[in-house]
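The structure file query-v2.cif is reproduced below (mmCIF, C-alpha atoms).
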```cif
data_work
#
loop_
_atom_site.label_atom_id
_atom_site.label_comp_id
_atom_site.auth_asym_id
_atom_site.auth_seq_id
_atom_site.Cartn_x
_atom_site.Cartn_y
_atom_site.Cartn_z
CA MET P 1 -11.85 -18.29 -14.04
CA LYS P 2 -14.27 -16.68 -11.59
CA ARG P 3 -11.61 -16.32 -8.90
CA TRP P 4 -9.45 -14.27 -11.25
CA ILE P 5 -12.40 -12.00 -12.06
CA VAL P 6 -13.05 -11.51 -8.35
CA LEU P 7 -9.36 -10.76 -7.82
CA GLY P 8 -9.39 -8.32 -10.75
CA PHE P 9 -12.25 -6.21 -9.39
CA PHE P 10 -10.79 -6.42 -5.90
CA GLY P 11 -7.54 -5.15 -7.40
CA LEU P 12 -9.36 -2.19 -8.96
CA MET P 13 -10.84 -1.23 -5.58
CA ALA P 14 -7.46 -1.69 -3.88
CA ALA P 15 -5.83 0.47 -6.56
CA MET P 16 -8.37 3.21 -5.97
CA SER P 17 -7.74 3.11 -2.23
CA GLN P 18 -4.10 4.00 -2.90
CA ALA P 19 -4.97 6.53 -5.60
CA PHE P 20 -7.32 8.40 -3.23
CA TRP P 21 -4.53 8.46 -0.64
CA LEU P 22 -2.02 10.14 -2.98
CA ASN P 23 -3.96 11.98 -5.67
CA TYR P 24 -3.76 15.34 -3.88
CA ALA P 25 -0.07 14.95 -2.99
CA ALA P 26 1.16 17.28 -5.76
CA LEU P 27 -1.64 19.85 -5.49
CA GLY P 28 -0.45 21.85 -2.49
CA PRO P 29 0.00 25.11 -4.46
CA LEU P 30 -3.51 24.77 -5.93
CA PHE P 31 -5.06 24.35 -2.47
CA LYS P 32 -3.09 27.34 -1.15
CA ASP P 33 -4.47 29.54 -3.93
CA LYS P 34 -7.98 28.08 -3.97
CA TYR P 35 -8.67 27.67 -0.26
CA GLY P 36 -5.95 29.73 1.44
CA THR P 37 -4.61 26.71 3.30
CA GLY P 38 -1.02 26.05 4.40
CA ASP P 39 1.18 22.96 4.17
CA SER P 40 0.16 21.76 7.63
CA GLU P 41 -3.50 21.68 6.56
CA ASN P 42 -2.92 20.28 3.06
CA VAL P 43 -0.94 17.33 4.36
CA LEU P 44 -4.02 16.22 6.34
CA LEU P 45 -5.63 15.20 3.03
CA MET P 46 -3.02 12.42 2.87
CA MET P 47 -2.22 11.78 6.53
CA VAL P 48 -5.85 10.97 7.37
CA PHE P 49 -5.38 7.65 5.53
CA PRO P 50 -2.53 6.11 7.58
CA LEU P 51 -3.91 7.62 10.79
CA LEU P 52 -7.33 6.00 10.36
CA TYR P 53 -5.71 2.80 9.07
CA VAL P 54 -3.79 2.44 12.33
CA LEU P 55 -7.05 2.80 14.29
CA LEU P 56 -9.19 0.51 12.11
CA SER P 57 -6.76 -2.15 10.93
CA GLN P 58 -7.30 -4.62 13.78
CA PRO P 59 -11.12 -4.31 13.99
CA SER P 60 -11.42 -4.75 10.22
CA GLY P 61 -9.18 -7.83 10.28
CA ARG P 62 -11.28 -9.50 12.99
CA TRP P 63 -14.47 -8.67 11.10
CA ILE P 64 -13.08 -10.18 7.89
CA ASP P 65 -12.20 -13.40 9.72
CA ARG P 66 -15.64 -13.60 11.34
CA ARG P 67 -17.84 -12.65 8.39
CA GLY P 68 -15.67 -13.49 5.39
CA TYR P 69 -13.92 -11.09 3.06
CA ALA P 70 -16.80 -10.49 0.61
CA PRO P 71 -19.24 -8.43 2.73
CA VAL P 72 -16.45 -6.47 4.42
CA VAL P 73 -14.62 -5.65 1.19
CA ALA P 74 -17.93 -4.66 -0.43
CA LEU P 75 -18.72 -2.30 2.46
CA GLY P 76 -15.27 -0.74 2.15
CA GLY P 77 -15.79 -0.32 -1.58
CA LEU P 78 -19.18 1.28 -0.95
CA LEU P 79 -17.67 3.80 1.47
CA MET P 80 -14.92 4.69 -1.01
CA ALA P 81 -17.35 5.05 -3.91
CA ALA P 82 -19.91 7.10 -1.95
CA PHE P 83 -17.43 9.55 -0.42
CA SER P 84 -15.46 9.88 -3.66
CA LEU P 85 -18.69 10.94 -5.35
CA GLY P 86 -19.11 13.43 -2.51
CA ARG P 87 -15.85 15.06 -3.58
CA LEU P 88 -17.56 16.20 -6.79
CA TYR P 89 -19.30 18.89 -4.77
CA ASP P 90 -16.93 21.79 -4.12
CA GLY P 91 -17.82 22.62 -0.53
CA GLY P 92 -14.47 24.02 0.50
CA PHE P 93 -11.33 22.55 2.02
CA TYR P 94 -12.88 21.02 5.12
CA TRP P 95 -15.66 19.40 3.09
CA LEU P 96 -12.90 17.84 0.98
CA LEU P 97 -11.08 16.70 4.12
CA ALA P 98 -14.30 15.12 5.43
CA MET P 99 -14.74 13.23 2.15
CA GLN P 100 -11.12 12.04 2.34
CA ALA P 101 -11.77 10.78 5.87
CA GLY P 102 -14.85 8.90 4.65
CA ILE P 103 -12.85 7.26 1.87
CA ALA P 104 -10.12 6.42 4.40
CA LEU P 105 -12.69 4.54 6.52
CA GLY P 106 -13.19 2.16 3.62
CA GLN P 107 -9.51 1.60 2.83
CA PRO P 108 -8.67 -0.99 5.56
CA LEU P 109 -11.93 -2.86 4.91
CA VAL P 110 -10.81 -3.38 1.30
CA VAL P 111 -7.05 -3.80 1.57
CA ASN P 112 -7.07 -6.11 4.61
CA GLY P 113 -9.20 -8.56 2.63
CA ILE P 114 -6.42 -9.62 0.26
CA SER P 115 -5.03 -12.56 2.27
CA LYS P 116 -8.49 -13.91 3.15
CA LEU P 117 -9.59 -13.64 -0.48
CA VAL P 118 -6.49 -15.52 -1.64
CA SER P 119 -6.80 -18.22 1.04
CA GLU P 120 -10.47 -18.81 0.21
CA ARG P 121 -10.27 -18.57 -3.58
CA PHE P 122 -6.80 -19.86 -4.56
CA PRO P 123 -4.79 -23.04 -3.92
CA ALA P 124 -1.58 -22.81 -1.90
CA ASP P 125 0.64 -23.11 -4.98
CA LEU P 126 -0.88 -19.89 -6.37
CA ALA P 127 -1.01 -17.94 -3.11
CA ALA P 128 1.99 -15.66 -3.65
CA THR P 129 1.12 -15.19 -7.32
CA ALA P 130 -2.41 -14.03 -6.51
CA THR P 131 -1.19 -11.88 -3.62
CA GLY P 132 1.43 -10.37 -5.92
CA LEU P 133 -1.21 -9.38 -8.46
CA GLY P 134 -3.34 -7.84 -5.73
CA SER P 135 -0.32 -5.95 -4.42
CA ALA P 136 0.66 -4.83 -7.92
CA SER P 137 -2.76 -3.20 -8.23
CA MET P 138 -1.97 -1.12 -5.14
CA PHE P 139 1.28 0.08 -6.69
CA ILE P 140 -0.62 0.92 -9.89
CA GLY P 141 -3.05 2.97 -7.80
CA MET P 142 -0.15 4.89 -6.24
CA GLY P 143 1.19 5.70 -9.69
CA LEU P 144 -2.22 6.81 -10.95
CA GLY P 145 -2.82 8.95 -7.92
CA ILE P 146 0.50 10.75 -8.21
CA GLY P 147 0.83 10.91 -11.99
CA LEU P 148 -2.67 11.13 -13.47
CA THR P 149 -4.34 13.61 -11.13
CA PRO P 150 -2.32 16.72 -12.12
CA GLU P 151 -3.04 15.96 -15.79
CA LEU P 152 -6.79 15.98 -15.13
CA VAL P 153 -6.91 19.19 -13.10
CA GLN P 154 -8.40 22.03 -15.14
CA GLY P 155 -7.29 25.41 -13.85
CA ASP P 156 -8.31 25.37 -10.20
CA SER P 157 -11.10 22.82 -10.77
CA LEU P 158 -10.74 19.29 -9.40
CA PHE P 159 -14.04 18.13 -10.89
CA LEU P 160 -12.70 16.09 -13.84
CA ALA P 161 -9.97 14.42 -11.78
CA ASP P 162 -12.38 13.58 -8.97
CA ALA P 163 -15.00 12.32 -11.46
CA VAL P 164 -12.53 9.93 -13.13
CA PHE P 165 -11.38 8.41 -9.85
CA ALA P 166 -14.91 8.20 -8.46
CA GLY P 167 -16.06 6.46 -11.64
CA LEU P 168 -13.30 3.86 -11.31
CA ALA P 169 -14.26 3.28 -7.67
CA VAL P 170 -17.91 2.70 -8.66
CA VAL P 171 -16.88 0.28 -11.43
CA GLY P 172 -14.70 -1.65 -8.99
CA LEU P 173 -17.51 -1.92 -6.44
CA LEU P 174 -20.19 -2.99 -8.94
CA GLY P 175 -17.86 -5.46 -10.64
CA PHE P 176 -16.84 -7.03 -7.32
CA VAL P 177 -20.45 -7.35 -6.14
CA GLY P 178 -21.46 -8.85 -9.48
CA ALA P 179 -18.57 -11.35 -9.52
CA GLU P 180 -19.12 -12.44 -5.91
CA GLY P 181 -22.92 -12.59 -6.04
CA LEU P 182 -25.35 -11.07 -3.57
CA GLY P 183 -25.36 -14.20 -1.41
CA ASN P 184 -21.68 -13.82 -0.58
CA ILE P 185 -21.97 -10.06 -0.19
CA ARG P 186 -24.79 -10.50 2.33
CA GLY P 187 -22.64 -13.00 4.23
CA ASN P 188 -24.97 -15.92 3.54
CA ASN P 189 -22.05 -18.16 2.57
CA LEU P 190 -20.58 -18.74 5.99
CA THR P 191 -17.93 -21.13 4.64
CA GLN P 192 -16.03 -17.96 3.83
CA GLY P 193 -16.14 -16.72 7.39
CA HIS P 194 -16.72 -17.91 10.90
CA GLU P 195 -19.78 -16.25 12.43
CA ASP P 196 -18.59 -16.93 15.94
CA GLN P 197 -18.58 -14.22 18.57
CA ASN P 198 -15.99 -16.23 20.53
CA GLN P 199 -13.59 -16.47 17.61
CA PRO P 200 -10.00 -16.23 18.87
CA LYS P 201 -8.01 -13.09 18.26
CA LEU P 202 -4.68 -13.39 16.52
CA SER P 203 -1.92 -12.40 18.91
CA LEU P 204 1.52 -11.11 18.09
CA LYS P 205 2.66 -14.12 20.12
CA THR P 206 1.57 -16.32 17.21
CA PRO P 207 4.85 -17.69 15.79
CA GLY P 208 6.09 -15.64 12.88
CA VAL P 209 3.46 -12.87 13.03
CA LEU P 210 5.53 -10.55 15.23
CA VAL P 211 8.63 -11.02 13.06
CA LEU P 212 6.75 -10.39 9.82
CA SER P 213 4.99 -7.36 11.31
CA LEU P 214 8.34 -5.88 12.33
CA VAL P 215 9.75 -6.52 8.85
CA SER P 216 6.69 -4.83 7.34
CA GLY P 217 7.04 -1.79 9.60
CA LEU P 218 10.73 -1.39 8.82
CA ALA P 219 10.49 -1.94 5.07
CA LEU P 220 7.33 0.08 4.38
CA GLY P 221 8.63 2.78 6.69
CA VAL P 222 11.77 3.07 4.57
CA PHE P 223 9.65 3.14 1.39
CA ASN P 224 7.55 6.03 2.68
CA GLY P 225 10.62 7.89 3.85
CA LEU P 226 12.30 7.33 0.49
CA MET P 227 9.28 8.71 -1.38
CA ALA P 228 9.56 11.89 0.69
CA ALA P 229 13.35 12.14 0.41
CA MET P 230 13.98 11.41 -3.27
CA GLU P 231 13.00 14.82 -4.60
CA TRP P 232 14.93 16.65 -1.86
CA VAL P 233 18.13 14.65 -2.33
CA LEU P 234 18.03 14.57 -6.13
CA ARG P 235 17.51 18.33 -6.17
CA GLU P 236 20.89 18.66 -4.44
CA TYR P 237 22.42 16.66 -7.31
CA GLY P 238 20.93 19.04 -9.89
CA VAL P 239 17.96 16.83 -10.89
CA GLY P 240 14.81 18.81 -11.69
CA ALA P 241 11.44 18.17 -10.08
CA ASP P 242 10.01 16.52 -13.21
CA ASP P 243 12.92 14.10 -13.53
CA ALA P 244 12.85 13.35 -9.80
CA GLY P 245 9.13 12.61 -10.10
CA LEU P 246 9.80 10.31 -13.05
CA ALA P 247 12.46 8.48 -11.03
CA ALA P 248 9.93 7.94 -8.21
CA ALA P 249 7.32 6.76 -10.72
CA LEU P 250 9.83 4.30 -12.22
CA LEU P 251 10.56 2.94 -8.75
CA ILE P 252 6.85 2.20 -8.32
CA LEU P 253 6.64 0.78 -11.86
CA GLY P 254 9.50 -1.54 -10.99
CA GLY P 255 7.52 -2.64 -7.95
CA ILE P 256 4.57 -3.51 -10.18
CA VAL P 257 6.76 -5.65 -12.44
CA GLY P 258 8.45 -7.33 -9.48
CA ALA P 259 5.14 -8.05 -7.73
CA VAL P 260 3.92 -9.86 -10.86
CA ALA P 261 7.16 -11.63 -11.85
CA ILE P 262 8.83 -12.78 -8.63
CA PRO P 263 6.04 -14.25 -6.42
CA PRO P 264 5.41 -17.09 -8.93
CA ILE P 265 9.06 -18.10 -8.43
CA SER P 266 8.43 -18.07 -4.68
CA ASP P 267 5.37 -20.30 -5.21
CA LYS P 268 7.38 -22.72 -7.33
CA THR P 269 10.21 -23.01 -4.81
CA LYS P 270 7.79 -23.02 -1.84
CA LYS P 271 9.99 -20.44 -0.10
CA ARG P 272 9.05 -17.03 1.23
CA ARG P 273 11.62 -15.76 3.71
CA PRO P 274 14.73 -15.98 1.51
CA PHE P 275 12.98 -13.78 -1.05
CA ILE P 276 11.88 -11.31 1.64
CA ARG P 277 15.42 -11.17 2.99
CA GLY P 278 16.80 -10.62 -0.50
CA ALA P 279 14.28 -7.83 -1.16
CA ALA P 280 15.41 -6.00 1.99
CA TRP P 281 19.13 -6.30 1.34
CA LEU P 282 19.08 -5.67 -2.41
CA GLY P 283 16.75 -2.73 -1.80
CA MET P 284 19.23 -1.42 0.76
CA LEU P 285 22.00 -1.40 -1.85
CA GLY P 286 19.85 0.24 -4.52
CA ILE P 287 18.58 2.96 -2.18
CA GLY P 288 22.11 3.65 -0.96
CA VAL P 289 23.32 4.32 -4.51
CA LEU P 290 20.21 6.34 -5.46
CA LEU P 291 20.66 8.72 -2.54
CA GLY P 292 24.42 8.54 -2.22
CA MET P 293 25.80 9.82 -5.50
CA PRO P 294 24.85 11.87 -8.56
CA LEU P 295 23.99 9.69 -11.54
CA PRO P 296 23.34 10.45 -15.20
CA LEU P 297 19.61 10.48 -15.90
CA ALA P 298 19.69 7.15 -17.74
CA GLY P 299 21.45 5.53 -14.78
CA LEU P 300 19.08 7.17 -12.30
CA PHE P 301 15.99 5.99 -14.15
CA GLY P 302 17.34 2.46 -14.67
CA LEU P 303 18.45 2.06 -11.06
CA SER P 304 15.11 3.41 -9.78
CA PHE P 305 13.25 0.77 -11.78
CA VAL P 306 15.50 -2.09 -10.68
CA THR P 307 15.44 -0.98 -7.03
CA GLY P 308 11.66 -0.90 -7.05
CA MET P 309 11.50 -4.32 -8.72
CA VAL P 310 13.66 -6.05 -6.08
CA PHE P 311 12.64 -4.02 -3.02
CA LEU P 312 8.85 -3.76 -3.34
CA THR P 313 8.56 -7.46 -4.21
CA GLY P 314 8.93 -8.15 -0.51
CA TYR P 315 5.48 -6.68 0.21
CA PRO P 316 3.27 -9.39 -1.36
CA LEU P 317 5.59 -12.09 -0.04
CA ILE P 318 5.23 -10.77 3.52
CA LEU P 319 1.44 -10.91 3.10
CA ALA P 320 1.56 -14.45 1.72
CA ALA P 321 3.87 -15.60 4.51
CA SER P 322 1.66 -14.03 7.20
CA GLU P 323 -1.39 -15.97 5.97
CA GLU P 324 0.60 -19.19 6.00
CA GLU P 325 1.86 -18.50 9.52
CA ALA P 326 -1.56 -17.65 10.96
CA GLY P 327 -3.71 -20.06 8.94
CA SER P 328 -6.67 -19.37 6.69
CA ALA P 329 -9.13 -18.83 9.56
CA LEU P 330 -7.09 -15.90 10.88
CA ALA P 331 -5.82 -14.55 7.55
CA GLY P 332 -7.68 -11.25 7.89
CA GLN P 333 -6.18 -10.52 11.27
CA ALA P 334 -2.72 -11.52 10.06
CA THR P 335 -3.01 -9.03 7.20
CA SER P 336 -4.27 -6.37 9.60
CA TRP P 337 -1.14 -6.71 11.75
CA ILE P 338 1.10 -6.44 8.68
CA MET P 339 -0.77 -3.38 7.42
CA LEU P 340 -0.91 -1.78 10.86
CA ALA P 341 2.84 -2.11 11.27
CA GLY P 342 3.48 -0.87 7.74
CA ASN P 343 1.32 2.24 8.13
CA ALA P 344 2.77 3.03 11.56
CA GLY P 345 6.28 2.65 10.17
CA GLY P 346 5.37 4.86 7.23
CA VAL P 347 4.15 7.69 9.46
CA LEU P 348 7.18 7.49 11.79
CA LEU P 349 9.79 7.26 9.03
CA THR P 350 8.23 10.10 7.03
CA VAL P 351 8.42 12.36 10.09
CA LEU P 352 11.94 11.19 10.98
CA THR P 353 13.15 11.64 7.39
CA THR P 354 11.79 15.19 7.35
CA VAL P 355 13.44 16.07 10.65
CA ILE P 356 16.82 14.62 9.62
CA TRP P 357 16.82 16.31 6.22
CA GLU P 358 15.76 19.70 7.50
CA GLY P 359 18.41 19.50 10.21
CA SER P 360 21.35 18.40 8.07
CA LYS P 361 20.64 18.51 4.30
CA ASP P 362 23.12 15.60 4.15
CA PRO P 363 21.83 12.45 2.40
CA MET P 364 24.43 10.30 4.17
CA TRP P 365 22.40 10.43 7.39
CA LEU P 366 19.36 9.11 5.51
CA ILE P 367 21.43 6.39 3.86
CA VAL P 368 22.76 5.24 7.24
CA LEU P 369 19.23 5.24 8.70
CA TYR P 370 17.65 3.34 5.82
CA ALA P 371 20.54 0.88 5.53
CA GLY P 372 20.41 0.07 9.22
CA LEU P 373 16.66 -0.52 9.16
CA LEU P 374 16.75 -2.69 6.03
CA LEU P 375 19.73 -4.65 7.32
CA LEU P 376 17.69 -5.38 10.45
CA ALA P 377 14.64 -6.25 8.34
CA GLY P 378 16.67 -8.79 6.38
CA VAL P 379 18.02 -10.37 9.56
CA LEU P 380 14.52 -10.61 11.03
CA ALA P 381 13.18 -12.11 7.79
CA GLY P 382 15.71 -14.95 8.17
CA MET P 383 14.48 -15.88 11.62
CA ARG P 384 12.30 -18.94 12.16
CA ASP P 385 13.05 -20.28 8.69
CA LYS P 386 11.95 -23.84 9.42
CA ARG P 387 8.67 -24.08 7.53
CA ILE P 388 8.80 -21.45 4.76
#
```
Write out the structure in this file as structure tokens.
Amino acid sequence: MKRWIVLGFFGLMAAMSQAFWLNYAALGPLFKDKYGTGDSENVLLMMVFPLLYVLLSQPSGRWIDRRGYAPVVALGGLLMAAFSLGRLYDGGFYWLLAMQAGIALGQPLVVNGISKLVSERFPADLAATATGLGSASMFIGMGLGIGLTPELVQGDSLFLADAVFAGLAVVGLLGFVGAEGLGNIRGNNLTQGHEDQNQPKLSLKTPGVLVLSLVSGLALGVFNGLMAAMEWVLREYGVGADDAGLAAALLILGGIVGAVAIPPISDKTKKRRPFIRGAAWLGMLGIGVLLGMPLPLAGLFGLSFVTGMVFLTGYPLILAASEEEAGSALAGQATSWIMLAGNAGGVLLTVLTTVIWEGSKDPMWLIVLYAGLLLLAGVLAGMRDKRI
């Protein structure tokens, strides 16, 4: 029972890491009026997260493997809680940006711990199930960040919204520390880690890690691009901003359901790659229809949910497969490569999507781009299918 409690509080911290990333995404007009900032400045409140993740992903993964997940995750949670409390003080835009950067420092320390936590706490036949639940919490955090924040903003005051999210971050940190115990948090239990300064580094030459990292970069890149493109494309089909936002929220909700429902089937069949390949190719079909033709609202909402359920399921399965490829001792570094590739792909595809759309206003170019990348991701996922 204890392992599920640990996973639950870890999930709350992981959810908050995603919520902090996205909870200012819809507040651009407020920042323009309140602080006199432009779009290029406002986007930094979000972009600081993937940019710092790319820089810190590998060091955090090595630290998790050397010290164990508990002290590293707790430090990440402490950074997120402390800097989120700092957001309660209204010190202007650049104070807010500094607090976002501080929270972003903690994000890789928390999120990169998922595979190590699962490998240390759960048996192999529950690995994908536990990873799926941890991943579902991240999708929940995305939904909360996008959907709940605007409802909590009062006039031009962010105080209530920031207080709610900071409170959840503090609860997650205290609950995780309490469930793990101070001995583990201090790193006294070295069976969780390997306090060895000569510990080997996980290389992309490790069989399977390069392939899975490429799949992660392609698939998560498409997801980030799709999140940027949905409102633009649906607007051309006469769908209002509220309905487009609901369609995006339903896509994420579908991902939550899929991350909970499908990994247990993967555990039972002891297969990973066929499910990852299916997620890429079925997601490719769903995204093509979503962007390629006008749909009645009921069809749009239903297809968004189903697409999210089949497509986003690939994420926890990639994480589970990477831990199995690298082994438990290098699980943190394996996760860091997957996350590094995913964040880099997200930044590149968001920029490329913006450039293509502003240059053409034709969704067919985006469909061709996304279809090609997901077709390649599915092919790569089928490579080296001997063990899993």
### Query
Counting only C-alpha atoms, which of P:Val73, P:Leu300, P:Met309, P:Met138 gets nearest to Phe20 of chain P?
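Smallest distance to Phe20 of chain P is found for P:Met138.
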### Task
Would you kindly translate the PyMOL selection byres ((chain P and resi 52) around 12) into the concrete residues it picks from this file, as an NGL selection string?
:P and (21 or 44-51 or 53-60 or 100-109 or 339-340 or 343-344 or 347)
## Note on the structure
Counting only C-alpha atoms, the residue among P:Leu88, P:Val72, P:Leu366, P:Val111 that lies closest to Met284 of chain P is P:Leu366
### Query
How many Å lie between atom CA of Gly92 of chain P and atom CA of Gly147 of chain P, rounded to one decimal?
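Rounded to one decimal, the two atoms are 23.7 Å apart.
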### Message
For a cutoff of 12 Å around the file-coordinate point (7.8, -21.0, 6.1), which residues qualify once you count only C-alpha atoms? I'd like the result as a VMD selection string.
### Response
chain P and resid 207 to 209 212 266 to 267 269 to 276 317 to 318 320 to 327 381 to 388
### Task
Return the single residue from P:Glu120, P:Asp65, P:Asp90, P:Glu236 that is closest to Asp362 of chain P, with distances computed using all atoms listed in the file.
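Under the stated criterion, the closest residue is P:Glu236.
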### Task
Step by step, work through what the PyMOL selection byres ((chain P and resi 377) around 8) selects in the shown file, and finish by giving those residues as a VMD selection string.
chain P and resid 214 to 215 218 to 219 277 280 373 to 376 378 to 381
### Closest of P:Gln18, P:Ser336, P:Ser304, P:Ser360 to Gly141 of chain P - atom-to-atom distances counting all atoms listed in the file
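For Gly141 of chain P, the nearest of the candidates is P:Gln18.
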Output of the PyMOL selection byres ((chain P and resi 78) around 10), listed as a short mmCIF file (atom, residue, chain, number, x, y, z; two decimals) with C-alpha atoms, in the coordinates of the input:
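Saved file selection11.cif follows:
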```
data_model
loop_
_atom_site.label_atom_id
_atom_site.label_comp_id
_atom_site.auth_asym_id
_atom_site.auth_seq_id
_atom_site.Cartn_x
_atom_site.Cartn_y
_atom_site.Cartn_z
CA MET P 13 -10.84 -1.23 -5.58
CA VAL P 72 -16.45 -6.47 4.42
CA VAL P 73 -14.62 -5.65 1.19
CA ALA P 74 -17.93 -4.66 -0.43
CA LEU P 75 -18.72 -2.30 2.46
CA GLY P 76 -15.27 -0.74 2.15
CA GLY P 77 -15.79 -0.32 -1.58
CA LEU P 79 -17.67 3.80 1.47
CA MET P 80 -14.92 4.69 -1.01
CA ALA P 81 -17.35 5.05 -3.91
CA ALA P 82 -19.91 7.10 -1.95
CA PHE P 83 -17.43 9.55 -0.42
CA SER P 84 -15.46 9.88 -3.66
CA ILE P 103 -12.85 7.26 1.87
CA GLY P 106 -13.19 2.16 3.62
CA VAL P 110 -10.81 -3.38 1.30
CA ALA P 169 -14.26 3.28 -7.67
CA VAL P 170 -17.91 2.70 -8.66
CA GLY P 172 -14.70 -1.65 -8.99
CA LEU P 173 -17.51 -1.92 -6.44
CA LEU P 174 -20.19 -2.99 -8.94
#
```
## Note on the structure
For Ala248 of chain P, the closest of P:Trp232, P:Trp281, P:Tyr24, P:Phe165 counting only C-alpha atoms is P:Trp232
### Task
Using atom CA of Ile256 of chain P and atom CA of Ser216 of chain P as the two end points, give the distance in Å to one decimal.
17.7 Å
#### Entry: Non-local contacts of Ile5 of chain P (7 Å; all atoms listed in the file; under 4 positions in same chain excluded) as a count of residues only
3
### Query
What does the distance from atom CA of Val368 of chain P to atom CA of Gly288 of chain P come to in Å, to one decimal?
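Pair atom CA of Val368 of chain P / atom CA of Gly288 of chain P returns 8.4 Å.
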### Query
For Ala331 of chain P, which residue out of P:Pro296, P:Gly113, P:Gly221, P:Pro71 is the nearest one, using only C-alpha atoms?
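Comparing P:Pro296, P:Gly113, P:Gly221, P:Pro71 against Ala331 of chain P, the winner is P:Gly113.
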#### Entry: Spatial neighbours of Val351 of chain P, max dist 12 Å, all atoms listed in the file, sep filter under 3 positions, as a VMD selection string
chain P and resid 47 221 to 222 224 to 226 228 to 229 344 to 348 354 to 358
### Task
Find the residues around segment 29-35 of chain P up to 8 Å (all atoms listed in the file counted), leave out those fewer than 4 positions away in its own chain, and share them as a ChimeraX atom specification.
/P:42,92-93,156
Keeping C-alpha atoms for every residue in the selection just given, could you write it to a file as an mmCIF file, in the coordinates of the input?
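Below you can see out-v3.cif, which holds the result:
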```cif
data_model
loop_
_atom_site.group_PDB
_atom_site.id
_atom_site.type_symbol
_atom_site.label_atom_id
_atom_site.label_comp_id
_atom_site.auth_asym_id
_atom_site.auth_seq_id
_atom_site.Cartn_x
_atom_site.Cartn_y
_atom_site.Cartn_z
ATOM 1 C CA ASN P 42 -2.920 20.280 3.060
ATOM 2 C CA GLY P 92 -14.470 24.020 0.500
ATOM 3 C CA PHE P 93 -11.330 22.550 2.020
ATOM 4 C CA ASP P 156 -8.310 25.370 -10.200
#
```
Centre, x/y/z edge lengths, axis-aligned box for segment 90-94 of chain P with 5 Å per side, as lines of an AutoDock Vina configuration file:
```
center_x = -14.6
center_y = 22.5
center_z = 0.5
size_x = 16.5
size_y = 13.0
size_z = 19.2
```
### For Gly240 of chain P: contacts at 12 Å, all atoms listed in the file, fewer than 6 positions along chain excluded, given as a VMD selection string
chain P and resid 230 to 234 246 to 247 297
### Task
Name all residues at most 12 Å from Gly8 of chain P (count all atoms listed in the file; drop same-chain ones fewer than 4 positions away) and give them as a PyMOL selection string.
chain P and resi 1-4+12-15+114+117-118+130-131+133-138+171-173+175-176+179-180
